[in-house]
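Colleague: Questions regarding the structure given below will be posed in turn.
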Amino acid sequence: MNSFDHIEHWIFDLDNTLYPASCRLFDQIDKRMTQYVADFLGIERIEAYALQKSYFRDFGTTMNGMMVNHQMDPEAYLHFVHDIDHSAVAAAPELGRAIGKLPGRKLVFTNGSVAHAQAVMARLGIVDLFDDVHDIKASDYVPKPAKETYTTMIERTGVDPAHAAMFEDIARNLEVPFELGMKTVLVRTLGDHADAGAIDLGSGDEPYVDFTTNDLSAFLKGLA
């Protein structure tokens with residue numbers, strides 16, 4: 001019996017988790033976030049970038065910081081920052097086969113939008129493998145790592161934390177799942193995030209990280 005034999009709910013973050021950070025897709029999002037903040041507040045990009053990262057650290061997402069401090073419309077922001085070229089994401093047949101063999105339900109749980117998630121999943125070739133996408137709108141725009149958003153996701157999807165596993169590329173987003181009784185896996189890939197120095201991804205040594213992998217497909221295949 002392995003540590004995942006009891007898992008019935010497989011929950012995956014989207015960006016830099018289901019696809020490798022090395023494809024640099026998040027770079028595009030990162031730049032558009034900076035541009036939106038600069039345009040919305042009428043400030044220079046260098047100031048907007050610093051504010052963007054500050055809000056990410058303090059509020060969970062740049063969007064949440066902008067909503068709290070500047071009453072920004074989240075829908076307009078999400079539409080703008082996710083208007084990117086998704087072709088950087090390559091098909092991932094091995095990942096698809098590995099996910100397809102997992103017993104039980106598969107869900108995407110993202111601080112992004114459903115539209116962005118579906119575009120990424122379509123590129124990967126895994127759309128039909130997932131039962132649901134719980135996005136930031138479904139979380140009432142409250143982002144991970146706030147406990148409230150995990151509670152909202154669990155209530156909406158019917159996930160049983162005692163029989164769930166959570167896969168994330170940012171360690172702090174695994175603390176609440178661990179406390180709720182989920183198995184937690186930190187996914188690390190080459191080229192983590194647009195500016196790793198501005199984002200604390202975690203080391204994998206955190207007490208709430210059960211496993212760390214730099215190859216999600218191989219990790220999932222090893223569970224079969």
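Residue numbers start at 1 in each chain; chains themselves are named A, B, ... in the order of the structure tokens; ligands are numbered from 1 in the order shown.
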Could you tell me, as a VMD selection string, which residues of chain A DSSP assigns to helix (DSSP H, G or I) when given the backbone?
Modeller: chain A and resid 21 to 23 25 to 41 45 to 59 62 to 70 74 to 81 86 to 88 93 to 100 114 to 124 127 to 129 147 to 157 161 to 163 171 to 180 196 to 198 216 to 221
Colleague: For the strand (DSSP E or B) assignment from backbone DSSP, which residues of segment 2-149 of chain A qualify? Please present them as a PyMOL selection string.
Modeller: chain A and resi 9-12+105-109+132-134
Colleague: Counting only C-alpha atoms, which residue out of A:Ser87, A:Gln71, A:Thr149, A:Gln52 sits closest to Asn111 of chain A?
Modeller: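 With only C-alpha atoms as the atom set, the closest residue is A:Thr149.
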Colleague: Tell me which protein, DNA and RNA residues are within 7 Å of segment 131-140 of chain A, counting only C-alpha atoms, leaving out same-chain ones fewer than 4 positions away, and put them as a PyMOL selection string.
Modeller: chain A and resi 105-114+149+152-153
Colleague: Could you please take those selected residues and save C-alpha atoms as an mmCIF file, in the first residue's frame?
Modeller:
data_model
loop_
_atom_site.group_PDB
_atom_site.id
_atom_site.type_symbol
_atom_site.label_atom_id
_atom_site.label_comp_id
_atom_site.auth_asym_id
_atom_site.auth_seq_id
_atom_site.Cartn_x
_atom_site.Cartn_y
_atom_site.Cartn_z
ATOM 1 C CA ARG A 105 -12.255 12.538 -9.425
ATOM 2 C CA LYS A 106 -9.784 15.072 -10.845
ATOM 3 C CA LEU A 107 -10.169 18.797 -10.309
ATOM 4 C CA VAL A 108 -8.284 21.968 -11.170
ATOM 5 C CA PHE A 109 -8.167 24.516 -8.349
ATOM 6 C CA THR A 110 -6.740 27.809 -9.559
ATOM 7 C CA ASN A 111 -6.406 31.457 -8.603
ATOM 8 C CA GLY A 112 -6.953 32.148 -12.304
ATOM 9 C CA SER A 113 -10.082 31.919 -14.446
ATOM 10 C CA VAL A 114 -11.990 28.996 -15.943
ATOM 11 C CA THR A 149 -11.111 29.628 -0.395
ATOM 12 C CA THR A 152 -15.452 27.209 -0.468
ATOM 13 C CA MET A 153 -13.884 24.736 -2.899
#
Colleague: So, counting only C-alpha atoms, which residue among A:Leu51, A:Leu41, A:Ala224, A:Ala119 is closest to Lys101 of chain A?
Modeller: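 Answer, going by the shortest atom-to-atom distance: A:Ala224.
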Colleague: Name the closest residue to Pro145 of chain A among the candidates A:Leu124, A:Val89, A:Leu129, A:Leu174; distances are taken between atoms, counting only C-alpha atoms.
Modeller: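 When distances to Pro145 of chain A are compared using only C-alpha atoms, the smallest one comes from A:Leu174.
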Colleague: Neighbouring residues of Gln28 of chain A were defined as those with any atom within 10 Å, considering only C-alpha atoms; residues of the same chain fewer than 2 positions away were excluded. Please report them as a PyMOL selection string.
Modeller: chain A and resi 24-26+30-33+81-86+194
Colleague: Keeping only N, CA and C atoms, take the residues you just selected and write them out as a compact mmCIF listing (two decimals), in the first residue's frame.
Modeller:
# COMPACT_ATOMS: atom_id res chain seq x y z
N ARG A 24 7.46 29.16 -19.93
CA ARG A 24 7.42 30.61 -19.72
C ARG A 24 6.04 31.23 -19.98
N LEU A 25 5.00 30.44 -19.89
CA LEU A 25 3.66 31.00 -20.10
C LEU A 25 3.35 32.06 -19.05
N PHE A 26 3.76 31.79 -17.81
CA PHE A 26 3.44 32.73 -16.75
C PHE A 26 4.18 34.06 -16.93
N ASP A 30 2.56 37.57 -16.13
CA ASP A 30 3.26 38.46 -15.21
C ASP A 30 3.41 39.86 -15.82
N LYS A 31 3.79 39.92 -17.07
CA LYS A 31 3.97 41.21 -17.74
C LYS A 31 2.64 41.95 -17.90
N ARG A 32 1.58 41.19 -18.18
CA ARG A 32 0.28 41.83 -18.35
C ARG A 32 -0.29 42.29 -17.01
N MET A 33 0.04 41.59 -15.94
CA MET A 33 -0.36 42.07 -14.61
C MET A 33 0.31 43.41 -14.32
N VAL A 81 -5.30 40.02 -18.15
CA VAL A 81 -4.05 39.32 -17.84
C VAL A 81 -3.98 37.94 -18.48
N HIS A 82 -5.12 37.34 -18.80
CA HIS A 82 -5.12 36.02 -19.41
C HIS A 82 -5.27 36.07 -20.94
N ASP A 83 -5.23 37.26 -21.49
CA ASP A 83 -5.28 37.41 -22.95
C ASP A 83 -3.86 37.24 -23.49
N ILE A 84 -3.44 35.98 -23.54
CA ILE A 84 -2.04 35.65 -23.88
C ILE A 84 -2.01 34.59 -24.98
N ASP A 85 -0.80 34.29 -25.43
CA ASP A 85 -0.58 33.25 -26.43
C ASP A 85 -0.35 31.92 -25.71
N HIS A 86 -1.36 31.06 -25.70
CA HIS A 86 -1.25 29.78 -25.00
C HIS A 86 -0.47 28.73 -25.78
N ALA A 194 8.29 33.74 -13.38
CA ALA A 194 8.97 34.78 -14.15
C ALA A 194 10.12 35.39 -13.37
Colleague: Compile a residue-level contact table for segment 94-179 of chain A against segment 56-68 of chain A at a cut-off of 8 Å, reporting for every qualifying residue the shortest atom pair and its distance in Å to one decimal, with only C-alpha atoms counted, rows ordered by chain and ascending number, as a Markdown table.
Modeller:
| residue | atom | partner | partner_atom | distance |
| --- | --- | --- | --- | --- |
| A:Asn111 | CA | A:Thr61 | CA | 7.7 |
| A:Tyr141 | CA | A:Asn64 | CA | 7.2 |
| A:Val142 | CA | A:Asn64 | CA | 7.1 |
| A:Pro143 | CA | A:Gly60 | CA | 5.8 |
| A:Lys144 | CA | A:Gly60 | CA | 6.1 |
| A:Pro145 | CA | A:Gly60 | CA | 6.2 |
| A:Ala146 | CA | A:Gly60 | CA | 7.5 |
Colleague: Atoms to include: C-alpha atoms. Write the selected residues as a tab-separated table (two decimals), in the first residue's frame.
Modeller:
chain	number	residue	atom	x	y	z
A	111	ASN	CA	-6.41	31.46	-8.60
A	141	TYR	CA	-12.35	36.18	-5.59
A	142	VAL	CA	-10.69	35.08	-2.34
A	143	PRO	CA	-7.38	33.47	-3.41
A	144	LYS	CA	-5.24	30.68	-2.09
A	145	PRO	CA	-3.66	30.50	0.48
A	146	ALA	CA	-6.63	31.91	2.48
Colleague: At what distance in Å, to one decimal, does atom CA of Ala171 of chain A lie from atom CA of Thr157 of chain A?
Modeller: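 Here the two named atoms are 22.7 Å from each other.
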